[in-house]
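**Student:** Just upload_7.cif, nothing more (mmCIF, C-alpha atoms):
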```cif
data_coords
loop_
_atom_site.label_atom_id
_atom_site.label_comp_id
_atom_site.auth_asym_id
_atom_site.auth_seq_id
_atom_site.Cartn_x
_atom_site.Cartn_y
_atom_site.Cartn_z
CA MET R 1 0.00 0.00 0.00
CA GLY R 2 1.43 3.38 -1.00
CA PRO R 3 1.54 6.21 1.52
CA ALA R 4 -1.36 8.02 -0.14
CA GLU R 5 -3.64 4.99 -0.01
CA VAL R 6 -6.72 5.44 2.17
CA ARG R 7 -8.11 2.46 4.05
CA ILE R 8 -11.90 2.18 4.31
CA ALA R 9 -13.74 -0.49 6.31
CA ALA R 10 -17.36 -1.25 5.41
CA PHE R 11 -19.93 -3.25 7.33
CA GLY R 12 -23.64 -3.69 7.84
CA GLY R 13 -26.26 -5.21 5.68
CA SER R 14 -28.90 -7.34 7.28
CA LEU R 15 -28.15 -10.95 8.12
CA ARG R 16 -30.74 -12.48 5.83
CA ALA R 17 -29.79 -13.99 2.48
CA GLY R 18 -30.51 -11.74 -0.48
CA SER R 19 -30.80 -8.62 1.67
CA LEU R 20 -31.23 -5.35 -0.23
CA ASN R 21 -28.64 -3.76 2.03
CA GLY R 22 -26.27 -6.67 1.50
CA VAL R 23 -26.52 -6.15 -2.25
CA LEU R 24 -26.07 -2.39 -1.77
CA LEU R 25 -22.96 -3.08 0.30
CA ASP R 26 -21.63 -5.39 -2.44
CA HIS R 27 -22.04 -2.59 -4.99
CA ALA R 28 -20.47 0.02 -2.70
CA VAL R 29 -17.43 -2.21 -2.14
CA ARG R 30 -17.08 -2.76 -5.90
CA ILE R 31 -17.35 0.98 -6.62
CA ALA R 32 -14.88 1.77 -3.82
CA GLU R 33 -12.17 -0.62 -5.07
CA PRO R 34 -10.48 1.83 -7.51
CA LEU R 35 -10.68 4.66 -4.93
CA CYS R 36 -9.14 3.18 -1.82
CA GLU R 37 -8.14 0.04 0.01
CA ILE R 38 -11.57 -1.30 0.96
CA SER R 39 -12.33 -4.13 3.37
CA ARG R 40 -15.75 -5.60 3.97
CA LEU R 41 -16.31 -6.72 7.55
CA GLU R 42 -18.73 -9.41 8.69
CA ILE R 43 -20.89 -8.68 11.75
CA ARG R 44 -22.89 -11.92 11.94
CA ASP R 45 -20.24 -13.75 13.96
CA LEU R 46 -20.10 -11.17 16.74
CA PRO R 47 -21.72 -12.38 19.97
CA LEU R 48 -24.23 -10.20 21.81
CA TYR R 49 -22.29 -7.40 23.48
CA ASN R 50 -21.17 -8.23 26.99
CA GLN R 51 -18.84 -5.95 28.95
CA ASP R 52 -17.27 -8.99 30.61
CA LEU R 53 -15.94 -10.05 27.18
CA ASP R 54 -14.93 -6.56 26.04
CA PRO R 55 -11.11 -6.49 25.81
CA THR R 56 -11.08 -2.93 27.16
CA MET R 57 -13.30 -3.70 30.17
CA GLY R 58 -13.49 -7.29 31.35
CA ASP R 59 -11.08 -9.97 32.43
CA GLY R 60 -12.60 -12.64 30.18
CA ASP R 61 -11.35 -14.06 26.93
CA THR R 62 -12.08 -11.81 23.97
CA PRO R 63 -13.99 -13.68 21.25
CA ALA R 64 -11.92 -13.97 18.07
CA ALA R 65 -14.63 -12.28 15.96
CA VAL R 66 -14.58 -9.29 18.33
CA ALA R 67 -10.81 -8.92 18.18
CA ALA R 68 -10.85 -9.14 14.36
CA PHE R 69 -13.65 -6.57 14.05
CA ARG R 70 -11.97 -4.13 16.45
CA ASN R 71 -8.62 -4.49 14.70
CA ALA R 72 -10.16 -3.88 11.27
CA ILE R 73 -11.96 -0.69 12.38
CA ASP R 74 -8.85 0.41 14.23
CA ALA R 75 -6.74 0.04 11.08
CA ALA R 76 -9.17 2.01 8.90
CA ASP R 77 -9.01 5.72 8.09
CA GLY R 78 -12.74 5.85 7.42
CA VAL R 79 -15.81 3.65 7.71
CA MET R 80 -18.97 3.00 5.72
CA ILE R 81 -22.09 1.59 7.40
CA VAL R 82 -24.78 0.17 5.10
CA SER R 83 -27.68 -0.75 7.32
CA PRO R 84 -31.39 -1.41 7.08
CA GLU R 85 -33.84 0.34 9.40
CA TYR R 86 -35.84 -1.76 11.89
CA SER R 87 -38.65 -0.14 13.88
CA TRP R 88 -37.57 3.41 12.94
CA SER R 89 -34.10 2.78 14.37
CA VAL R 90 -30.82 0.92 14.11
CA PRO R 91 -31.11 -2.89 13.81
CA GLY R 92 -29.96 -4.79 16.88
CA PRO R 93 -27.10 -6.50 14.99
CA THR R 94 -25.78 -3.17 13.62
CA LYS R 95 -25.86 -1.51 17.05
CA ASN R 96 -24.33 -4.63 18.56
CA ALA R 97 -21.36 -4.29 16.20
CA ILE R 98 -20.94 -0.63 17.16
CA ASP R 99 -21.13 -1.53 20.86
CA TRP R 100 -18.07 -3.75 20.37
CA VAL R 101 -16.04 -0.74 19.16
CA SER R 102 -17.49 1.79 21.61
CA ARG R 103 -14.84 1.58 24.34
CA PRO R 104 -12.80 2.83 25.98
CA ALA R 105 -14.63 6.15 26.20
CA PHE R 106 -13.05 8.89 24.07
CA ASP R 107 -10.56 6.42 22.62
CA THR R 108 -12.59 4.02 20.52
CA PRO R 109 -11.62 2.51 17.14
CA LEU R 110 -14.16 4.92 15.55
CA THR R 111 -13.06 8.10 17.31
CA GLY R 112 -11.98 10.88 14.95
CA LYS R 113 -12.85 8.93 11.80
CA PRO R 114 -15.22 9.91 8.99
CA VAL R 115 -18.23 7.59 8.60
CA LEU R 116 -20.51 7.36 5.58
CA LEU R 117 -24.07 6.22 6.29
CA ALA R 118 -26.12 4.42 3.66
CA GLY R 119 -29.20 2.25 3.65
CA ALA R 120 -31.99 0.87 1.53
CA SER R 121 -35.61 0.06 2.32
CA PRO R 122 -38.41 -1.59 0.36
CA GLY R 123 -40.76 1.20 1.53
CA PRO R 124 -40.64 4.99 1.45
CA ALA R 125 -38.44 5.85 4.46
CA GLY R 126 -35.08 4.84 2.98
CA THR R 127 -33.59 4.20 6.48
CA GLY R 128 -33.40 7.92 7.30
CA ARG R 129 -34.75 7.47 10.81
CA ALA R 130 -32.18 4.78 11.61
CA GLN R 131 -29.50 7.13 10.29
CA LEU R 132 -30.60 9.93 12.65
CA HIS R 133 -30.12 7.54 15.57
CA LEU R 134 -26.79 6.42 14.09
CA ARG R 135 -25.64 10.04 13.91
CA GLN R 136 -26.31 10.48 17.62
CA ILE R 137 -24.62 7.20 18.48
CA LEU R 138 -21.55 8.08 16.38
CA HIS R 139 -21.38 11.57 17.89
CA SER R 140 -21.17 10.01 21.37
CA LEU R 141 -18.06 8.16 20.16
CA ARG R 142 -16.60 11.29 18.55
CA ALA R 143 -16.80 9.64 15.17
CA LEU R 144 -17.46 12.04 12.31
CA ALA R 145 -20.58 11.15 10.32
CA LEU R 146 -20.40 12.72 6.86
CA VAL R 147 -22.96 15.48 6.31
CA ASN R 148 -24.07 13.72 3.12
CA ASP R 149 -25.56 10.28 3.36
CA LEU R 150 -27.56 7.88 1.21
CA GLN R 151 -31.17 6.79 1.59
CA VAL R 152 -32.57 4.40 -1.00
CA PRO R 153 -36.37 4.16 -0.67
CA PHE R 154 -38.47 1.73 -2.75
CA ALA R 155 -35.21 -0.10 -3.29
CA HIS R 156 -36.69 -2.98 -5.23
CA SER R 157 -36.92 -0.57 -8.17
CA THR R 158 -33.21 0.37 -8.15
CA ILE R 159 -31.40 -2.60 -6.58
CA THR R 160 -32.15 -6.08 -7.88
CA PRO R 161 -31.11 -9.38 -6.25
CA ASP R 162 -29.35 -10.47 -9.45
CA GLY R 163 -26.88 -7.61 -9.06
CA GLY R 164 -28.53 -4.84 -11.03
CA LEU R 165 -28.11 -1.22 -9.91
CA ASP R 166 -29.79 1.93 -11.16
CA PRO R 167 -27.19 4.05 -13.08
CA GLN R 168 -28.03 7.26 -11.17
CA LEU R 169 -27.61 5.40 -7.88
CA GLU R 170 -24.27 4.00 -9.11
CA LEU R 171 -23.07 7.56 -9.77
CA ARG R 172 -24.31 8.85 -6.40
CA ILE R 173 -22.58 6.05 -4.49
CA GLY R 174 -19.35 6.92 -6.31
CA GLU R 175 -19.66 10.61 -5.35
CA LEU R 176 -20.27 9.78 -1.70
CA LEU R 177 -17.38 7.31 -1.58
CA ARG R 178 -15.05 9.95 -3.03
CA GLU R 179 -16.19 12.30 -0.26
CA LEU R 180 -15.52 9.60 2.31
CA VAL R 181 -12.06 8.87 0.92
CA ASP R 182 -11.19 12.59 0.75
CA ASP R 183 -12.41 13.16 4.30
CA ALA R 184 -10.61 10.07 5.58
CA ARG R 185 -7.37 11.23 3.93
CA ALA R 186 -7.77 14.70 5.43
CA ALA R 187 -8.67 13.35 8.87
CA SER R 188 -5.61 11.13 8.81
CA ALA R 189 -3.34 14.00 7.70
CA ALA R 190 -4.76 16.28 10.41
CA ASP R 191 -4.52 13.49 13.01
CA LEU R 192 -8.16 13.96 14.02
CA VAL R 193 -7.99 10.58 15.72
CA GLY R 194 -5.30 11.90 18.02
CA ARG R 195 -7.07 15.21 18.55
CA TYR R 196 -10.45 13.68 19.43
CA ARG R 197 -8.97 10.99 21.62
CA VAL R 198 -8.64 13.37 24.53
CA PRO R 199 -11.02 13.04 27.45
CA PRO R 200 -12.80 16.28 28.34
CA ALA R 201 -11.62 18.18 31.38
CA THR R 202 -13.91 17.47 34.33
CA ALA R 203 -15.10 20.12 36.74
CA MET S 1 -54.58 -16.99 37.85
CA GLY S 2 -57.75 -15.07 38.71
CA PRO S 3 -59.50 -13.01 36.05
CA ALA S 4 -58.31 -9.73 37.58
CA GLU S 5 -54.67 -10.77 37.58
CA VAL S 6 -52.45 -8.69 35.32
CA ARG S 7 -49.50 -10.33 33.60
CA ILE S 8 -46.30 -8.30 33.27
CA ALA S 9 -43.19 -9.44 31.40
CA ALA S 10 -39.85 -7.82 32.28
CA PHE S 11 -36.57 -7.98 30.43
CA GLY S 12 -33.33 -6.14 29.88
CA GLY S 13 -30.36 -5.65 32.07
CA SER S 14 -26.95 -5.85 30.56
CA LEU S 15 -25.34 -9.23 29.96
CA ARG S 16 -22.40 -8.73 32.29
CA ALA S 17 -22.33 -10.31 35.73
CA GLY S 18 -23.16 -7.89 38.53
CA SER S 19 -24.77 -5.37 36.20
CA LEU S 20 -26.45 -2.39 37.88
CA ASN S 21 -29.42 -2.82 35.58
CA GLY S 22 -29.57 -6.53 36.33
CA VAL S 23 -29.77 -5.72 40.05
CA LEU S 24 -32.38 -3.02 39.34
CA LEU S 25 -34.40 -5.58 37.38
CA ASP S 26 -34.14 -8.05 40.30
CA HIS S 27 -35.54 -5.40 42.64
CA ALA S 28 -38.31 -4.42 40.23
CA VAL S 29 -39.39 -8.06 39.88
CA ARG S 30 -39.43 -8.46 43.67
CA ILE S 31 -41.46 -5.28 44.13
CA ALA S 32 -43.87 -6.33 41.35
CA GLU S 33 -44.61 -9.76 42.79
CA PRO S 34 -47.47 -8.67 45.11
CA LEU S 35 -48.97 -6.47 42.38
CA CYS S 36 -49.24 -8.79 39.38
CA GLU S 37 -48.10 -12.00 37.78
CA ILE S 38 -44.55 -11.06 36.85
CA SER S 39 -42.20 -13.01 34.61
CA ARG S 40 -38.57 -12.15 34.03
CA LEU S 41 -37.36 -12.95 30.52
CA GLU S 42 -33.78 -13.70 29.49
CA ILE S 43 -32.44 -12.03 26.35
CA ARG S 44 -28.89 -13.41 26.32
CA ASP S 45 -29.86 -16.59 24.48
CA LEU S 46 -31.46 -14.80 21.54
CA PRO S 47 -29.37 -14.98 18.36
CA LEU S 48 -28.62 -11.87 16.34
CA TYR S 49 -31.82 -10.90 14.54
CA ASN S 50 -32.15 -12.47 11.10
CA GLN S 51 -35.34 -12.19 9.07
CA ASP S 52 -34.73 -15.64 7.63
CA LEU S 53 -35.22 -17.08 11.14
CA ASP S 54 -38.17 -14.83 12.08
CA PRO S 55 -41.25 -17.06 12.39
CA THR S 56 -43.40 -14.34 10.81
CA MET S 57 -41.09 -13.81 7.82
CA GLY S 58 -38.77 -16.62 6.87
CA ASP S 59 -39.06 -20.28 6.02
CA GLY S 60 -36.28 -21.34 8.38
CA ASP S 61 -36.48 -23.02 11.75
CA THR S 62 -37.32 -20.59 14.54
CA PRO S 63 -34.73 -20.76 17.34
CA ALA S 64 -36.28 -22.02 20.58
CA ALA S 65 -35.18 -18.92 22.51
CA VAL S 66 -36.96 -16.72 19.97
CA ALA S 67 -40.20 -18.69 20.18
CA ALA S 68 -40.12 -18.58 23.99
CA PHE S 69 -39.44 -14.83 24.07
CA ARG S 70 -42.18 -14.06 21.55
CA ASN S 71 -44.69 -16.24 23.41
CA ALA S 72 -43.91 -14.62 26.75
CA ILE S 73 -44.36 -11.07 25.40
CA ASP S 74 -47.47 -12.18 23.55
CA ALA S 75 -48.99 -13.54 26.76
CA ALA S 76 -48.28 -10.37 28.77
CA ASP S 77 -50.68 -7.45 29.35
CA GLY S 78 -47.78 -5.06 29.93
CA VAL S 79 -44.00 -4.98 29.71
CA MET S 80 -41.12 -3.48 31.68
CA ILE S 81 -37.75 -2.84 30.01
CA VAL S 82 -34.80 -2.22 32.34
CA SER S 83 -31.87 -1.33 30.12
CA PRO S 84 -28.51 0.38 30.32
CA GLU S 85 -27.57 3.10 27.85
CA TYR S 86 -24.65 2.47 25.46
CA SER S 87 -23.33 5.32 23.32
CA TRP S 88 -26.35 7.56 24.04
CA SER S 89 -28.70 4.88 22.74
CA VAL S 90 -30.22 1.45 23.19
CA PRO S 91 -27.70 -1.40 23.72
CA GLY S 92 -27.42 -3.80 20.80
CA PRO S 93 -28.71 -6.75 22.85
CA THR S 94 -31.79 -4.82 24.03
CA LYS S 95 -32.66 -3.66 20.50
CA ASN S 96 -31.98 -7.16 19.22
CA ALA S 97 -34.61 -8.52 21.63
CA ILE S 98 -37.13 -5.92 20.44
CA ASP S 99 -36.35 -6.77 16.81
CA TRP S 100 -37.49 -10.35 17.49
CA VAL S 101 -40.93 -9.08 18.56
CA SER S 102 -41.23 -6.36 15.93
CA ARG S 103 -43.15 -8.30 13.26
CA PRO S 104 -45.53 -8.64 11.57
CA ALA S 105 -46.04 -4.91 11.13
CA PHE S 106 -48.99 -3.54 13.12
CA ASP S 107 -49.54 -6.91 14.78
CA THR S 108 -46.50 -7.47 16.97
CA PRO S 109 -46.45 -9.03 20.45
CA LEU S 110 -45.91 -5.49 21.83
CA THR S 111 -48.65 -3.71 19.90
CA GLY S 112 -51.24 -2.01 22.09
CA LYS S 113 -49.44 -2.83 25.34
CA PRO S 114 -48.21 -0.43 28.04
CA VAL S 115 -44.42 -0.46 28.52
CA LEU S 116 -42.51 0.93 31.50
CA LEU S 117 -38.97 2.11 30.78
CA ALA S 118 -36.31 2.06 33.48
CA GLY S 119 -32.54 2.19 33.56
CA ALA S 120 -29.52 2.91 35.71
CA SER S 121 -26.14 4.40 34.89
CA PRO S 122 -22.95 4.89 36.90
CA GLY S 123 -22.72 8.45 35.52
CA PRO S 124 -25.11 11.40 35.35
CA ALA S 125 -27.31 10.56 32.33
CA GLY S 126 -29.41 7.83 33.95
CA THR S 127 -30.14 6.22 30.53
CA GLY S 128 -32.54 9.01 29.49
CA ARG S 129 -31.09 9.24 25.98
CA ALA S 130 -31.52 5.51 25.39
CA GLN S 131 -35.10 5.85 26.63
CA LEU S 132 -35.84 8.58 24.06
CA HIS S 133 -34.73 6.21 21.31
CA LEU S 134 -36.75 3.40 22.92
CA ARG S 135 -39.85 5.61 22.91
CA GLN S 136 -39.50 6.13 19.17
CA ILE S 137 -38.87 2.43 18.55
CA LEU S 138 -41.89 1.44 20.65
CA HIS S 139 -44.07 4.01 18.92
CA SER S 140 -43.24 2.42 15.57
CA LEU S 141 -44.64 -0.85 16.96
CA ARG S 142 -47.72 0.88 18.39
CA ALA S 143 -46.64 -0.10 21.87
CA LEU S 144 -47.62 2.39 24.55
CA ALA S 145 -44.63 3.68 26.53
CA LEU S 146 -45.80 5.06 29.88
CA VAL S 147 -45.42 8.82 30.20
CA ASN S 148 -43.57 8.29 33.46
CA ASP S 149 -40.28 6.43 33.41
CA LEU S 150 -37.29 5.86 35.67
CA GLN S 151 -33.75 7.14 35.28
CA VAL S 152 -31.25 6.24 37.99
CA PRO S 153 -28.06 8.31 37.62
CA PHE S 154 -24.98 7.77 39.79
CA ALA S 155 -26.49 4.38 40.51
CA HIS S 156 -23.61 3.09 42.61
CA SER S 157 -24.94 5.34 45.38
CA THR S 158 -28.46 3.85 45.35
CA ILE S 159 -28.10 0.31 44.02
CA THR S 160 -25.43 -1.93 45.54
CA PRO S 161 -24.23 -5.29 44.16
CA ASP S 162 -25.06 -7.02 47.45
CA GLY S 163 -28.75 -6.25 46.91
CA GLY S 164 -29.13 -2.92 48.69
CA LEU S 165 -31.62 -0.36 47.34
CA ASP S 166 -32.20 3.23 48.35
CA PRO S 167 -35.60 3.49 50.17
CA GLN S 168 -36.82 6.42 48.04
CA LEU S 169 -35.96 4.49 44.91
CA GLU S 170 -37.82 1.45 46.28
CA LEU S 171 -40.92 3.61 46.73
CA ARG S 172 -40.65 5.15 43.27
CA ILE S 173 -40.30 1.76 41.59
CA GLY S 174 -43.45 0.64 43.40
CA GLU S 175 -45.39 3.71 42.22
CA LEU S 176 -44.33 3.17 38.61
CA LEU S 177 -45.14 -0.54 38.70
CA ARG S 178 -48.63 0.25 40.04
CA GLU S 179 -49.05 2.64 37.11
CA LEU S 180 -47.92 -0.08 34.72
CA VAL S 181 -50.28 -2.65 36.24
CA ASP S 182 -53.21 -0.21 36.19
CA ASP S 183 -52.51 0.76 32.58
CA ALA S 184 -52.05 -2.87 31.54
CA ARG S 185 -55.38 -3.80 33.17
CA ALA S 186 -57.13 -0.88 31.45
CA ALA S 187 -55.51 -1.62 28.09
CA SER S 188 -56.62 -5.23 28.34
CA ALA S 189 -60.18 -4.24 29.33
CA ALA S 190 -60.37 -1.76 26.44
CA ASP S 191 -58.80 -4.28 24.04
CA LEU S 192 -56.18 -1.78 22.93
CA VAL S 193 -54.24 -4.70 21.45
CA GLY S 194 -57.12 -5.39 19.11
CA ARG S 195 -57.69 -1.74 18.35
CA TYR S 196 -54.05 -0.97 17.50
CA ARG S 197 -53.56 -4.16 15.50
CA VAL S 198 -55.22 -2.64 12.48
CA PRO S 199 -53.06 -1.66 9.53
CA PRO S 200 -53.55 1.92 8.41
CA ALA S 201 -55.61 2.52 5.29
CA THR S 202 -53.32 3.12 2.32
CA ALA S 203 -53.96 5.72 -0.30
#
```
Will you turn the file into structure tokens for me?

**Tutor:**
Amino acid sequence: MGPAEVRIAAFGGSLRAGSLNGVLLDHAVRIAEPLCEISRLEIRDLPLYNQDLDPTMGDGDTPAAVAAFRNAIDAADGVMIVSPEYSWSVPGPTKNAIDWVSRPAFDTPLTGKPVLLAGASPGPAGTGRAQLHLRQILHSLRALALVNDLQVPFAHSTITPDGGLDPQLELRIGELLRELVDDARAASAADLVGRYRVPPATA
Amino acid sequence: MGPAEVRIAAFGGSLRAGSLNGVLLDHAVRIAEPLCEISRLEIRDLPLYNQDLDPTMGDGDTPAAVAAFRNAIDAADGVMIVSPEYSWSVPGPTKNAIDWVSRPAFDTPLTGKPVLLAGASPGPAGTGRAQLHLRQILHSLRALALVNDLQVPFAHSTITPDGGLDPQLELRIGELLRELVDDARAASAADLVGRYRVPPATA
């Protein structure tokens, strides 16, 4: 990897086979490949979050899937989350993955890093409500959600299980990924990770 | 069980041993016992949510823990959720449990049922931010979050691992549980479950 190469980690998608968000994530990874070093992370092997198994908190053995996920986010300059919306909010499995990289406070693998939010829904909402909750969650970790994000409503008309993608959507994903890569490069150059990993002064 | 008996299901708590919220849930169950038929549900055995394993959606085998959890919520007149707050929001495991009772749309095991929200934190927030997200999640399911809820900040001073509980907190938990039982009885008498389990007319 050359010194200018930006590393992006991507995760999310629902766990079901043939998920719209899984297909969207496949496309995003494909479109990202010429732009950066992209790695797709799997969240289905993470156990339910338990502080006793958190390597930053407990004394227990860290599950291998947890260590791998933390290391991959830690090594990235920026992150993309492609998630469905369940019950107007973040799916349990997506939040569970974030919980595993949420400690220690003010010094998490996500702190100081740009994050692109994307999601697709069969109905009209396009996962926008889940993304609002994600923005608040990421802000608590001092991660830097990009101002621009992607909602894909009525996704059956633009994303097909056989791998089809609407051309306008293909272009938009490319634009957003270039923003993410640019922001991740800038954040790395400015050492935002180091700057944000400072606990606040207490009274 | 007599005809006037109200059935309350309670779940939550974090998965770690000695959790403040686990101890708070223990106390709430104890205080509820003279007021209603209370059952404490375990969420740690639920797998990560996967639509392919959802008995209302997929064709796969429903995990036994999922069937038991759904049946217990289905049989309850009201629900209590005692959850920590992670990253200003709902913990992954708590949301994961709700995901398993979030379908079919407009006809979930939670629809039309009163829900009491409670939580404890070692710091100042008392889980209030997680409860705001929970209120929105529950509203999407047409569950009826009680207007009153319980935040316990600085919980190490009022809840001790050896089973101690601040007397004022004991009284407040009792008041809220009586509200929950009264609301659950009224909701059952008014058949709110039946009334809310009606899909909206579409244009």

**Student:** When the PyMOL selection byres ((chain S) within 8 of (chain R)) is applied to the structure above, which residues does it catch, written out as an mmCIF file with C-alpha atoms, in the frame of the given file?

**Tutor:**
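So the final result, stored in out_36.cif, reads:
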```cif
data_model
loop_
_atom_site.group_PDB
_atom_site.id
_atom_site.type_symbol
_atom_site.label_atom_id
_atom_site.label_comp_id
_atom_site.auth_asym_id
_atom_site.auth_seq_id
_atom_site.Cartn_x
_atom_site.Cartn_y
_atom_site.Cartn_z
ATOM 1 C CA SER S 14 -26.950 -5.850 30.560
ATOM 2 C CA LEU S 15 -25.340 -9.230 29.960
ATOM 3 C CA ARG S 16 -22.400 -8.730 32.290
ATOM 4 C CA ALA S 17 -22.330 -10.310 35.730
ATOM 5 C CA ARG S 44 -28.890 -13.410 26.320
ATOM 6 C CA PRO S 47 -29.370 -14.980 18.360
ATOM 7 C CA LEU S 48 -28.620 -11.870 16.340
ATOM 8 C CA TYR S 49 -31.820 -10.900 14.540
ATOM 9 C CA ASN S 50 -32.150 -12.470 11.100
ATOM 10 C CA GLN S 51 -35.340 -12.190 9.070
ATOM 11 C CA ASP S 52 -34.730 -15.640 7.630
ATOM 12 C CA TYR S 86 -24.650 2.470 25.460
ATOM 13 C CA SER S 87 -23.330 5.320 23.320
ATOM 14 C CA TRP S 88 -26.350 7.560 24.040
ATOM 15 C CA SER S 89 -28.700 4.880 22.740
ATOM 16 C CA PRO S 91 -27.700 -1.400 23.720
ATOM 17 C CA GLY S 92 -27.420 -3.800 20.800
ATOM 18 C CA PRO S 93 -28.710 -6.750 22.850
ATOM 19 C CA THR S 94 -31.790 -4.820 24.030
ATOM 20 C CA LYS S 95 -32.660 -3.660 20.500
ATOM 21 C CA ASN S 96 -31.980 -7.160 19.220
ATOM 22 C CA ALA S 97 -34.610 -8.520 21.630
ATOM 23 C CA ASP S 99 -36.350 -6.770 16.810
ATOM 24 C CA SER S 102 -41.230 -6.360 15.930
ATOM 25 C CA HIS S 133 -34.730 6.210 21.310
ATOM 26 C CA GLN S 136 -39.500 6.130 19.170
ATOM 27 C CA ILE S 137 -38.870 2.430 18.550
ATOM 28 C CA LEU S 138 -41.890 1.440 20.650
ATOM 29 C CA SER S 140 -43.240 2.420 15.570
ATOM 30 C CA LEU S 141 -44.640 -0.850 16.960
#
```

**Student:** Using all atoms listed in the file, which protein or nucleic acid residues come within 8 Å of Val181 (chain R)? Drop anything in the same chain fewer than 5 positions from it, and give the result as an NGL selection string.

**Tutor:** :R and (6 or 8 or 35-36 or 78)

**Student:** Next, dump the selected residues to file, keeping only C-alpha atoms, as a PDB file, in the coordinates of the input.

**Tutor:**
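Below you can see out20.pdb, which holds the result:
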```
ATOM      1  CA  VAL R   6      -6.720   5.440   2.170  1.00  0.00           C
ATOM      2  CA  ILE R   8     -11.900   2.180   4.310  1.00  0.00           C
ATOM      3  CA  LEU R  35     -10.680   4.660  -4.930  1.00  0.00           C
ATOM      4  CA  CYS R  36      -9.140   3.180  -1.820  1.00  0.00           C
ATOM      5  CA  GLY R  78     -12.740   5.850   7.420  1.00  0.00           C
TER       6      GLY R  78
END
```

**Student:** Could you check which of R:Asn21, R:Gln168, R:Asn71, R:Thr56 is closest to Ala9 (chain R), using all atoms listed in the file?

**Tutor:**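 Answer, going by the shortest atom-to-atom distance: R:Asn71.
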
**Student:** Go through R:Leu171, R:Leu110, R:Leu117, R:Ala67 one by one, measure the shortest atom-to-atom distance of each to Asp149 (chain R) using all atoms listed in the file, and give the residue with the smallest value.

**Tutor:** R:Leu117

**Student:** Fewer than 2 positions away in the same chain doesn't count, so skip those; otherwise give me all residues within 12 Å of Ala189 (chain R), counting all atoms listed in the file, as a list in words.

**Tutor:**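 Near Ala189 (chain R), the qualifying residues are Pro3, Ala4, Glu5, Val6, Asp77, Gly112, Lys113, Asp182, Asp183, Ala184, Arg185, Ala186, Ala187, Asp191, Leu192, Val193, Gly194 and Arg195 of chain R.
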
**Student:** Calculate how many Å separate CA of Leu132 (chain S) from CA of Phe154 (chain S), rounding to one decimal.

**Tutor:**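 Between CA of Leu132 (chain S) and CA of Phe154 (chain S) the gap is 19.1 Å.
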
**Student:** Distance cut-off 12 Å, centre (-33.2, 8.3, 39.1) in file coordinates, counting all atoms listed in the file: which residues qualify? Return them as a PyMOL selection string.

**Tutor:** chain S and resi 24+117-128+148-159+166+168-173

**Student:** Those residues you just picked out, can you put them in a file as a PDB file, in the frame of the given file with C-alpha atoms?

**Tutor:**
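Saved as out-v8.pdb:
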```pdb
ATOM      1  CA  LEU S  24     -32.380  -3.020  39.340  1.00  0.00           C
ATOM      2  CA  LEU S 117     -38.970   2.110  30.780  1.00  0.00           C
ATOM      3  CA  ALA S 118     -36.310   2.060  33.480  1.00  0.00           C
ATOM      4  CA  GLY S 119     -32.540   2.190  33.560  1.00  0.00           C
ATOM      5  CA  ALA S 120     -29.520   2.910  35.710  1.00  0.00           C
ATOM      6  CA  SER S 121     -26.140   4.400  34.890  1.00  0.00           C
ATOM      7  CA  PRO S 122     -22.950   4.890  36.900  1.00  0.00           C
ATOM      8  CA  GLY S 123     -22.720   8.450  35.520  1.00  0.00           C
ATOM      9  CA  PRO S 124     -25.110  11.400  35.350  1.00  0.00           C
ATOM     10  CA  ALA S 125     -27.310  10.560  32.330  1.00  0.00           C
ATOM     11  CA  GLY S 126     -29.410   7.830  33.950  1.00  0.00           C
ATOM     12  CA  THR S 127     -30.140   6.220  30.530  1.00  0.00           C
ATOM     13  CA  GLY S 128     -32.540   9.010  29.490  1.00  0.00           C
ATOM     14  CA  ASN S 148     -43.570   8.290  33.460  1.00  0.00           C
ATOM     15  CA  ASP S 149     -40.280   6.430  33.410  1.00  0.00           C
ATOM     16  CA  LEU S 150     -37.290   5.860  35.670  1.00  0.00           C
ATOM     17  CA  GLN S 151     -33.750   7.140  35.280  1.00  0.00           C
ATOM     18  CA  VAL S 152     -31.250   6.240  37.990  1.00  0.00           C
ATOM     19  CA  PRO S 153     -28.060   8.310  37.620  1.00  0.00           C
ATOM     20  CA  PHE S 154     -24.980   7.770  39.790  1.00  0.00           C
ATOM     21  CA  ALA S 155     -26.490   4.380  40.510  1.00  0.00           C
ATOM     22  CA  HIS S 156     -23.610   3.090  42.610  1.00  0.00           C
ATOM     23  CA  SER S 157     -24.940   5.340  45.380  1.00  0.00           C
ATOM     24  CA  THR S 158     -28.460   3.850  45.350  1.00  0.00           C
ATOM     25  CA  ILE S 159     -28.100   0.310  44.020  1.00  0.00           C
ATOM     26  CA  ASP S 166     -32.200   3.230  48.350  1.00  0.00           C
ATOM     27  CA  GLN S 168     -36.820   6.420  48.040  1.00  0.00           C
ATOM     28  CA  LEU S 169     -35.960   4.490  44.910  1.00  0.00           C
ATOM     29  CA  GLU S 170     -37.820   1.450  46.280  1.00  0.00           C
ATOM     30  CA  LEU S 171     -40.920   3.610  46.730  1.00  0.00           C
ATOM     31  CA  ARG S 172     -40.650   5.150  43.270  1.00  0.00           C
ATOM     32  CA  ILE S 173     -40.300   1.760  41.590  1.00  0.00           C
TER      33      ILE S 173
END
```

**Student:** What does the distance from CA of Glu42 (chain S) to CA of Pro63 (chain R) come to in Å, to one decimal?

**Tutor:**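 It comes out at 21.4 Å.
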
**Student:** Enter the distance from CA of Gly22 (chain R) to CA of Val66 (chain S), in Å, rounded to one decimal.

**Tutor:**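 Answer for the CA of Gly22 (chain R) to CA of Val66 (chain S) separation: 23.6 Å.
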